[in-house]
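Participant: Sharing model_29.txt, compact mmCIF, N, CA and C atoms:
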```txt
# COMPACT_ATOMS: atom_id res chain seq x y z
N MET A 3 -15.91 -12.75 -3.39
CA MET A 3 -14.86 -12.60 -4.38
C MET A 3 -15.41 -13.04 -5.73
N LEU A 4 -15.21 -12.22 -6.71
CA LEU A 4 -15.58 -12.55 -8.09
C LEU A 4 -14.40 -13.26 -8.74
N ILE A 5 -14.65 -14.40 -9.34
CA ILE A 5 -13.60 -15.16 -10.03
C ILE A 5 -13.94 -15.19 -11.51
N LEU A 6 -12.98 -14.74 -12.33
CA LEU A 6 -13.19 -14.67 -13.78
C LEU A 6 -12.12 -15.46 -14.50
N SER A 7 -12.48 -16.02 -15.64
CA SER A 7 -11.51 -16.68 -16.52
C SER A 7 -11.22 -15.72 -17.67
N ARG A 8 -9.95 -15.59 -18.02
CA ARG A 8 -9.54 -14.71 -19.11
C ARG A 8 -8.46 -15.40 -19.92
N LYS A 9 -8.40 -15.09 -21.19
CA LYS A 9 -7.31 -15.55 -22.06
C LYS A 9 -6.35 -14.40 -22.27
N ILE A 10 -5.16 -14.71 -22.78
CA ILE A 10 -4.16 -13.67 -23.01
C ILE A 10 -4.76 -12.57 -23.88
N ASP A 11 -4.47 -11.33 -23.50
CA ASP A 11 -4.92 -10.09 -24.13
C ASP A 11 -6.38 -9.75 -23.84
N GLU A 12 -7.08 -10.56 -23.07
CA GLU A 12 -8.43 -10.21 -22.67
C GLU A 12 -8.35 -9.31 -21.44
N LYS A 13 -9.38 -8.49 -21.27
CA LYS A 13 -9.36 -7.46 -20.23
C LYS A 13 -10.49 -7.63 -19.24
N ILE A 14 -10.31 -6.99 -18.10
CA ILE A 14 -11.33 -6.88 -17.07
C ILE A 14 -11.44 -5.39 -16.74
N LYS A 15 -12.63 -4.86 -16.70
CA LYS A 15 -12.85 -3.46 -16.34
C LYS A 15 -13.33 -3.38 -14.89
N ILE A 16 -12.78 -2.43 -14.16
CA ILE A 16 -13.24 -2.13 -12.80
C ILE A 16 -13.66 -0.67 -12.82
N GLY A 17 -14.96 -0.46 -12.72
CA GLY A 17 -15.48 0.90 -12.84
C GLY A 17 -15.18 1.45 -14.22
N ASP A 18 -15.12 2.77 -14.33
CA ASP A 18 -14.87 3.42 -15.62
C ASP A 18 -13.39 3.62 -15.90
N ASP A 19 -12.55 3.58 -14.84
CA ASP A 19 -11.18 4.06 -14.98
C ASP A 19 -10.08 3.00 -14.85
N ILE A 20 -10.44 1.78 -14.50
CA ILE A 20 -9.40 0.77 -14.25
C ILE A 20 -9.59 -0.41 -15.19
N THR A 21 -8.50 -0.78 -15.86
CA THR A 21 -8.52 -1.93 -16.77
C THR A 21 -7.40 -2.88 -16.38
N ILE A 22 -7.74 -4.15 -16.26
CA ILE A 22 -6.77 -5.21 -15.98
C ILE A 22 -6.67 -6.04 -17.26
N THR A 23 -5.44 -6.25 -17.75
CA THR A 23 -5.22 -7.04 -18.96
C THR A 23 -4.34 -8.23 -18.64
N LEU A 24 -4.76 -9.40 -19.08
CA LEU A 24 -3.93 -10.60 -18.93
C LEU A 24 -2.86 -10.54 -20.02
N ILE A 25 -1.61 -10.45 -19.61
CA ILE A 25 -0.50 -10.28 -20.54
C ILE A 25 0.09 -11.62 -20.97
N ASP A 26 0.35 -12.50 -19.98
CA ASP A 26 1.04 -13.74 -20.29
C ASP A 26 0.79 -14.76 -19.18
N VAL A 27 0.79 -16.02 -19.55
CA VAL A 27 0.73 -17.12 -18.59
C VAL A 27 1.88 -18.05 -18.93
N HIS A 28 2.74 -18.28 -17.94
CA HIS A 28 3.90 -19.15 -18.16
C HIS A 28 4.05 -20.02 -16.91
N GLY A 29 3.68 -21.28 -17.03
CA GLY A 29 3.73 -22.18 -15.87
C GLY A 29 2.74 -21.70 -14.82
N ASP A 30 3.25 -21.49 -13.59
CA ASP A 30 2.38 -21.03 -12.51
C ASP A 30 2.44 -19.52 -12.32
N GLN A 31 3.03 -18.81 -13.28
CA GLN A 31 3.14 -17.36 -13.20
C GLN A 31 2.20 -16.70 -14.21
N VAL A 32 1.47 -15.71 -13.74
CA VAL A 32 0.56 -14.95 -14.59
C VAL A 32 1.01 -13.50 -14.56
N LYS A 33 1.15 -12.89 -15.73
CA LYS A 33 1.51 -11.48 -15.81
C LYS A 33 0.27 -10.69 -16.20
N ILE A 34 0.00 -9.66 -15.41
CA ILE A 34 -1.15 -8.81 -15.70
C ILE A 34 -0.69 -7.37 -15.83
N GLY A 35 -1.44 -6.61 -16.59
CA GLY A 35 -1.20 -5.18 -16.70
C GLY A 35 -2.36 -4.45 -16.05
N VAL A 36 -2.06 -3.37 -15.35
CA VAL A 36 -3.08 -2.58 -14.68
C VAL A 36 -3.01 -1.16 -15.22
N GLU A 37 -4.11 -0.70 -15.79
CA GLU A 37 -4.21 0.70 -16.22
C GLU A 37 -5.18 1.38 -15.27
N ALA A 38 -4.68 2.41 -14.59
CA ALA A 38 -5.51 3.13 -13.62
C ALA A 38 -5.05 4.58 -13.55
N PRO A 39 -5.92 5.47 -13.12
CA PRO A 39 -5.50 6.87 -12.95
C PRO A 39 -4.36 6.96 -11.94
N LYS A 40 -3.54 8.00 -12.06
CA LYS A 40 -2.41 8.17 -11.14
C LYS A 40 -2.87 8.32 -9.70
N SER A 41 -4.11 8.76 -9.51
CA SER A 41 -4.63 8.93 -8.15
C SER A 41 -4.94 7.60 -7.47
N VAL A 42 -4.97 6.51 -8.24
CA VAL A 42 -5.24 5.18 -7.69
C VAL A 42 -3.90 4.49 -7.46
N LYS A 43 -3.63 4.14 -6.20
CA LYS A 43 -2.38 3.46 -5.89
C LYS A 43 -2.56 1.97 -6.13
N VAL A 44 -1.62 1.37 -6.86
CA VAL A 44 -1.67 -0.06 -7.17
C VAL A 44 -0.38 -0.69 -6.66
N PHE A 45 -0.51 -1.68 -5.77
CA PHE A 45 0.64 -2.34 -5.18
C PHE A 45 0.47 -3.85 -5.24
N ARG A 46 1.58 -4.57 -5.28
CA ARG A 46 1.53 -6.01 -5.00
C ARG A 46 1.22 -6.15 -3.51
N GLN A 47 0.57 -7.23 -3.13
CA GLN A 47 0.14 -7.41 -1.73
C GLN A 47 1.31 -7.32 -0.76
N GLU A 48 2.45 -7.96 -1.10
CA GLU A 48 3.58 -7.96 -0.16
C GLU A 48 4.16 -6.55 0.02
N VAL A 49 4.13 -5.74 -1.03
CA VAL A 49 4.59 -4.35 -0.91
C VAL A 49 3.61 -3.55 -0.06
N PHE A 50 2.31 -3.74 -0.30
CA PHE A 50 1.28 -3.06 0.48
C PHE A 50 1.43 -3.41 1.96
N ASP A 51 1.63 -4.70 2.26
CA ASP A 51 1.80 -5.13 3.65
C ASP A 51 3.02 -4.48 4.30
N ALA A 52 4.12 -4.40 3.55
CA ALA A 52 5.35 -3.78 4.07
C ALA A 52 5.12 -2.29 4.35
N ILE A 53 4.41 -1.61 3.47
CA ILE A 53 4.10 -0.19 3.67
C ILE A 53 3.26 -0.02 4.93
N GLN A 54 2.25 -0.87 5.10
CA GLN A 54 1.40 -0.79 6.29
C GLN A 54 2.21 -1.00 7.56
N THR A 55 3.12 -1.98 7.54
CA THR A 55 3.96 -2.26 8.71
C THR A 55 4.85 -1.06 9.03
N GLU A 56 5.45 -0.47 8.00
CA GLU A 56 6.30 0.71 8.20
C GLU A 56 5.50 1.89 8.74
N ASN A 57 4.29 2.08 8.21
CA ASN A 57 3.44 3.19 8.68
C ASN A 57 3.08 3.01 10.15
N LYS A 58 2.74 1.78 10.54
CA LYS A 58 2.39 1.52 11.94
C LYS A 58 3.61 1.75 12.84
N ALA A 59 4.78 1.31 12.39
CA ALA A 59 6.00 1.51 13.18
C ALA A 59 6.31 3.00 13.32
N ALA A 60 6.08 3.77 12.28
CA ALA A 60 6.33 5.21 12.32
C ALA A 60 5.40 5.90 13.32
N VAL A 61 4.15 5.45 13.37
CA VAL A 61 3.20 6.03 14.32
C VAL A 61 3.64 5.75 15.75
N VAL A 62 4.06 4.51 16.01
CA VAL A 62 4.53 4.14 17.35
C VAL A 62 5.77 4.95 17.70
N GLU A 63 6.69 5.08 16.75
CA GLU A 63 7.92 5.85 17.00
C GLU A 63 7.61 7.31 17.26
N GLN A 64 6.67 7.86 16.50
CA GLN A 64 6.29 9.26 16.68
C GLN A 64 5.66 9.46 18.06
N ALA A 65 4.81 8.53 18.49
CA ALA A 65 4.18 8.62 19.80
C ALA A 65 5.25 8.54 20.89
N THR A 66 6.22 7.65 20.72
CA THR A 66 7.30 7.51 21.70
C THR A 66 8.13 8.79 21.75
N ASP A 67 8.44 9.35 20.58
CA ASP A 67 9.20 10.60 20.51
C ASP A 67 8.43 11.72 21.19
N GLN A 68 7.12 11.78 20.98
CA GLN A 68 6.31 12.84 21.57
C GLN A 68 6.29 12.70 23.09
N LYS A 69 6.22 11.47 23.60
CA LYS A 69 6.26 11.26 25.04
C LYS A 69 7.59 11.74 25.62
N ALA A 70 8.68 11.47 24.91
CA ALA A 70 10.00 11.91 25.36
C ALA A 70 10.08 13.43 25.35
N ILE A 71 9.54 14.06 24.31
CA ILE A 71 9.54 15.53 24.22
C ILE A 71 8.73 16.12 25.37
N ASN A 72 7.58 15.52 25.64
CA ASN A 72 6.73 16.01 26.73
C ASN A 72 7.43 15.87 28.08
N ALA A 73 8.14 14.76 28.28
CA ALA A 73 8.85 14.53 29.53
C ALA A 73 9.97 15.56 29.71
N VAL A 74 10.72 15.82 28.64
CA VAL A 74 11.80 16.81 28.70
C VAL A 74 11.23 18.20 28.95
N SER A 75 10.12 18.52 28.32
CA SER A 75 9.48 19.82 28.51
C SER A 75 9.00 19.99 29.94
N ALA A 76 8.40 18.95 30.51
CA ALA A 76 7.93 19.01 31.89
C ALA A 76 9.10 19.17 32.84
N LEU A 77 10.18 18.43 32.60
CA LEU A 77 11.37 18.54 33.44
C LEU A 77 11.97 19.93 33.34
N SER A 78 12.01 20.46 32.14
CA SER A 78 12.54 21.82 31.93
C SER A 78 11.74 22.85 32.71
N LYS A 79 10.43 22.72 32.70
CA LYS A 79 9.56 23.64 33.44
C LYS A 79 9.82 23.53 34.95
N LEU A 80 10.01 22.30 35.43
CA LEU A 80 10.28 22.09 36.86
C LEU A 80 11.60 22.72 37.25
N LEU A 81 12.60 22.60 36.39
CA LEU A 81 13.92 23.15 36.71
C LEU A 81 13.94 24.67 36.68
N LYS A 82 13.03 25.30 35.94
CA LYS A 82 12.96 26.75 35.84
C LYS A 82 12.31 27.38 37.09
N LYS A 83 11.60 26.56 37.86
CA LYS A 83 10.90 27.09 39.04
C LYS A 83 11.85 27.41 40.15
```
Show the structure stored in the file as structure tokens.
Facilitator:
Amino acid sequence: MLILSRKIDEKIKIGDDITITLIDVHGDQVKIGVEAPKSVKVFRQEVFDAIQTENKAAVVEQATDQKAINAVSALSKLLKK
């Protein structure tokens, strides 16, 4: 991990397209601005974690739904015989 010290209005560049600007420091809160292309998704960690949890739950739900669909399809085929 790279650790940098910055003063208000100073910037950090990440590659050619991303700029982080220190906006304000008030007590234990730091406000930063992130300039990045629209193709780069920028999230707070807690939001990112929530998205990951929802995505994993959706995959499990989809797998469960697919198993149910397969079971109904197999039963339907058996009943047609």
Participant: Between A:Glu56, A:Glu37, A:Asp67, A:Glu48, single out the one closest to Lys13 of chain A, counting only C-alpha atoms.
Facilitator: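 When distances to Lys13 of chain A are compared using only C-alpha atoms, the smallest one comes from A:Glu37.
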Participant: Which residues are near Asp19 of chain A? Cut-off 6 Å, only N, CA and C atoms, ignore same chain within fewer than 3 positions. Put them as a ChimeraX atom specification.
Facilitator: /A:16,37-39
Participant: Take the selection from the previous step and output its residues with N, CA and C atoms, as a PDB file, keeping the file's coordinate frame.
Facilitator:
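Dumped everything to out22.pdb:
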```pdb
ATOM      1  N   ILE A  16     -12.780  -2.430 -14.160  1.00  0.00           N
ATOM      2  CA  ILE A  16     -13.240  -2.130 -12.800  1.00  0.00           C
ATOM      3  C   ILE A  16     -13.660  -0.670 -12.820  1.00  0.00           C
ATOM      4  N   GLU A  37      -4.110  -0.700 -15.790  1.00  0.00           N
ATOM      5  CA  GLU A  37      -4.210   0.700 -16.220  1.00  0.00           C
ATOM      6  C   GLU A  37      -5.180   1.380 -15.270  1.00  0.00           C
ATOM      7  N   ALA A  38      -4.680   2.410 -14.590  1.00  0.00           N
ATOM      8  CA  ALA A  38      -5.510   3.130 -13.620  1.00  0.00           C
ATOM      9  C   ALA A  38      -5.050   4.580 -13.550  1.00  0.00           C
ATOM     10  N   PRO A  39      -5.920   5.470 -13.120  1.00  0.00           N
ATOM     11  CA  PRO A  39      -5.500   6.870 -12.950  1.00  0.00           C
ATOM     12  C   PRO A  39      -4.360   6.960 -11.940  1.00  0.00           C
TER      13      PRO A  39
END
```
Participant: So which one's closest to Ile22 of chain A, A:Val36, A:Val61, A:Ala70, A:Ile10? Using only C-alpha atoms, please.
Facilitator: A:Val36
Participant: One decimal, in Å: what's the spacing between atom C of Leu24 of chain A and atom C of Ser7 of chain A?
Facilitator: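 Between atom C of Leu24 of chain A and atom C of Ser7 of chain A the gap works out to 10.1 Å.
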Participant: Return the single residue from A:Arg8, A:Lys15, A:Ser41, A:Arg46 that is closest to Val27 of chain A, with distances computed using only C-alpha atoms.
Facilitator: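 Checking each candidate against Val27 of chain A, we get A:Arg8 as the closest.
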Participant: Give me, as a list in words, the residues of chain A that a backbone DSSP run labels strand (DSSP E).
Facilitator: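 DSSP on the backbone gives strand (DSSP E) at Lys13, Ile14, Lys15, Ile16, Ile20, Thr21, Ile22, Thr23, Leu24, Ile25, Asp26, Val27, His28, Gln31, Val32, Lys33, Ile34, Gly35, Val36 and Glu37 of chain A.
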Participant: Would you please extract all alpha helix (DSSP H) residues from chain A, as assigned by DSSP on the backbone, and give them as an NGL selection string?
Facilitator: :A and (47-82)
